$ cat protein19.txt   # compact mmCIF, C-alpha atoms
# COMPACT_ATOMS: atom_id res chain seq x y z
CA MET A 13 129.87 152.37 61.74
CA SER A 14 126.24 153.38 62.02
CA ILE A 15 125.18 155.65 64.86
CA ASN A 16 121.55 155.49 65.95
CA LYS A 17 120.37 159.09 66.43
CA THR A 18 117.98 159.91 69.21
CA SER A 19 114.61 161.47 68.49
CA TYR A 20 115.81 164.78 69.88
CA LEU A 21 118.80 164.89 67.52
CA ARG A 22 116.48 164.13 64.60
CA PHE A 23 114.23 166.95 65.82
CA LEU A 24 117.17 169.38 65.97
CA ASN A 25 118.15 168.45 62.41
CA LEU A 26 114.59 169.02 61.21
CA ILE A 27 114.44 172.42 62.96
CA ASP A 28 117.77 173.36 61.38
CA ALA A 29 116.38 172.46 57.96
CA LEU A 30 113.26 174.51 58.71
CA ASP A 31 115.41 177.54 59.63
CA ARG A 32 117.46 177.17 56.43
CA MET A 33 114.26 177.23 54.36
CA ASN A 34 113.38 180.62 55.91
CA PRO A 35 116.81 182.34 56.19
CA GLY A 36 115.41 185.85 56.72
CA LYS A 37 113.26 184.74 59.66
CA LYS A 38 115.99 183.29 61.94
CA LEU A 39 115.30 184.10 65.59
CA ASP A 40 117.94 184.38 68.29
CA CYS A 41 117.43 182.50 71.56
CA THR A 42 115.98 185.55 73.34
CA GLU A 43 113.44 186.10 70.57
CA GLU A 44 112.53 182.41 70.64
CA SER A 45 112.00 182.53 74.40
CA LEU A 46 109.81 185.62 74.13
CA LEU A 47 107.78 184.10 71.31
CA ASP A 48 107.39 180.89 73.33
CA LYS A 49 105.93 182.88 76.24
CA ILE A 50 103.60 184.78 73.90
CA ILE A 51 102.36 181.57 72.24
CA LEU A 52 101.85 179.81 75.59
CA SER A 53 99.82 182.76 76.90
CA PHE A 54 97.81 182.88 73.68
CA HIS A 55 96.91 179.18 73.90
CA ALA A 56 96.03 179.56 77.59
CA LYS A 57 93.73 182.44 76.55
CA GLN A 58 95.64 184.83 78.82
CA SER A 59 96.65 188.28 77.69
CA VAL A 60 100.31 189.18 77.87
CA LEU A 61 101.42 192.79 77.98
CA VAL A 62 104.65 194.37 76.78
CA GLY A 63 105.41 195.24 80.41
CA ASP A 64 105.06 191.58 81.42
CA LEU A 65 107.57 190.53 78.80
CA ILE A 66 110.18 193.24 79.36
CA SER A 67 110.17 192.45 83.08
CA LEU A 68 111.55 188.94 82.41
CA SER A 69 115.00 189.75 83.76
CA SER A 70 116.17 186.15 83.28
CA LEU A 71 116.07 186.77 79.51
CA GLY A 72 117.86 190.13 79.47
CA SER A 73 117.60 193.79 80.31
CA GLN A 74 114.41 195.75 79.65
CA ALA A 75 116.10 197.56 76.76
CA THR A 76 117.25 194.27 75.22
CA LEU A 77 113.81 192.68 75.56
CA HIS A 78 112.06 195.75 74.16
CA GLY A 79 114.39 195.63 71.17
CA ARG A 80 113.69 191.92 70.64
CA LEU A 81 109.94 192.59 70.75
CA LYS A 82 110.43 195.25 68.07
CA ASN A 83 112.36 192.69 65.99
CA LEU A 84 109.58 190.11 66.38
CA SER A 85 107.07 192.72 65.29
CA ALA A 86 109.18 193.79 62.30
CA MET A 87 109.57 190.13 61.21
CA GLY A 88 105.80 189.72 61.38
CA TYR A 89 105.60 187.28 64.30
CA ILE A 90 103.71 189.51 66.75
CA LYS A 91 101.30 192.44 66.84
CA MET A 92 101.03 194.94 69.66
CA ALA A 93 97.60 196.35 70.29
CA ALA A 94 96.31 198.76 72.91
CA ASN A 95 94.37 196.90 75.59
CA VAL A 96 91.00 197.88 77.04
CA ASP A 97 92.15 200.98 78.93
CA GLY A 98 94.49 202.08 76.13
CA ARG A 99 97.54 202.67 78.35
CA LYS A 100 99.09 199.25 77.98
CA LYS A 101 99.97 197.22 74.91
CA GLU A 102 98.90 193.62 74.58
CA VAL A 103 101.14 191.33 72.55
CA VAL A 104 99.49 188.74 70.30
CA PRO A 105 101.01 186.24 67.87
CA THR A 106 100.29 186.61 64.16
CA LYS A 107 99.30 183.87 61.72
CA LEU A 108 102.99 183.63 60.77
CA ALA A 109 103.94 182.82 64.38
CA LEU A 110 101.17 180.25 64.70
CA LYS A 111 102.31 178.67 61.41
CA ARG A 112 105.90 178.51 62.75
CA TYR A 113 104.77 176.57 65.82
CA ASP A 114 102.64 174.29 63.66
CA GLU A 115 105.73 173.51 61.55
CA ILE A 116 107.82 172.91 64.70
CA SER A 117 105.12 170.52 65.97
CA LYS A 118 105.25 168.61 62.70
CA CYS A 119 109.04 168.34 63.04
CA LEU A 120 108.63 166.95 66.55
CA GLU A 121 106.04 164.40 65.41
CA LYS A 122 108.21 163.34 62.47
CA ALA A 123 111.28 162.92 64.70
CA ALA A 124 109.31 160.87 67.22
CA LYS A 125 107.82 158.60 64.54
CA ALA A 126 111.25 157.94 63.02
CA GLY A 127 112.43 156.56 66.38

$ encode --input "protein19.txt" --output "structure tokens"
Amino acid sequence: MSINKTSYLRFLNLIDALDRMNPGKKLDCTEESLLDKIILSFHAKQSVLVGDLISLSSLGSQATLHGRLKNLSAMGYIKMAANVDGRKKEVVPTKLALKRYDEISKCLEKAAKAG
């Protein structure tokens, strides 16, 4: 019996394969959500500050979110730089993060074409 997979299921399988190719860079769902927000702000040419991100109570406590930002930084996905007045830290994605989203986009395109 052959089951016709939906495009989304194909996409999930491709993402799973992508994660298995980079086992040391696996993100948890909180880290993924934070990185999504950072990437969206970056592409909208809006700055996002550490304070903005750790105030996202729907994703977790401030301590949890701060820890996840440290993890993202340690894995090489984000950089934190002092903003213009020096008192706040702006969060920007690295080339590694941009490459990750490029690979995810390719997975999405491949899954859609296979349908």

$ atom_distance --input "protein19.txt" --atom1 "atom CA of Thr106 of chain A" --atom2 "atom CA of Phe23 of chain A"
24.2 Å

$ closest_residue --input "protein19.txt" --among "A:Asp31, A:Lys125, A:Gly79, A:Phe54" --to "Ile66 of chain A" --atoms "all atoms listed in the file"
A:Gly79

$ closest_residue --input "protein19.txt" --among "A:Leu71, A:Leu110, A:Ala86, A:Cys119" --to "Leu52 of chain A" --atoms "only C-alpha atoms"
A:Leu110

$ closest_residue --input "protein19.txt" --among "A:Leu77, A:Ile116, A:Leu68, A:Val60" --to "Asn95 of chain A" --atoms "only C-alpha atoms"
A:Val60

$ closest_residue --input "protein19.txt" --among "A:Asp97, A:Lys37, A:Lys122, A:Lys82" --to "Asn25 of chain A" --atoms "all atoms listed in the file"
A:Lys122

$ atom_distance --input "protein19.txt" --atom1 "atom CA of Val104 of chain A" --atom2 "atom CA of Asp28 of chain A"
25.5 Å

$ closest_residue --input "protein19.txt" --among "A:Thr42, A:Lys101, A:Lys111, A:Ser53" --to "Ser70 of chain A" --atoms "all atoms listed in the file"
A:Thr42

$ atom_distance --input "protein19.txt" --atom1 "atom CA of Leu108 of chain A" --atom2 "atom CA of Val96 of chain A"
24.7 Å

$ residues_around --input "protein19.txt" --residues "Lys91 of chain A" --least-positions-apart "3" --cutoff "9 Å" --atoms "only C-alpha atoms" --output "PDB file with C-alpha atoms, in the frame of the given file"
ATOM      1  CA  LEU A  84     109.580 190.110  66.380  1.00  0.00           C
ATOM      2  CA  SER A  85     107.070 192.720  65.290  1.00  0.00           C
ATOM      3  CA  GLY A  88     105.800 189.720  61.380  1.00  0.00           C
ATOM      4  CA  GLU A 102      98.900 193.620  74.580  1.00  0.00           C
ATOM      5  CA  VAL A 103     101.140 191.330  72.550  1.00  0.00           C
ATOM      6  CA  VAL A 104      99.490 188.740  70.300  1.00  0.00           C
ATOM      7  CA  PRO A 105     101.010 186.240  67.870  1.00  0.00           C
ATOM      8  CA  THR A 106     100.290 186.610  64.160  1.00  0.00           C
TER       9      THR A 106
END

$ closest_residue --input "protein19.txt" --among "A:Ala93, A:Ala75, A:Leu46, A:Leu30" --to "Glu115 of chain A" --atoms "all atoms listed in the file"
A:Leu30

$ residues_around --input "protein19.txt" --residues "Ala124 of chain A" --least-positions-apart "6" --cutoff "10 Å" --atoms "only C-alpha atoms" --output "VMD selection string"
chain A and resid 18 to 20 22 to 23 118
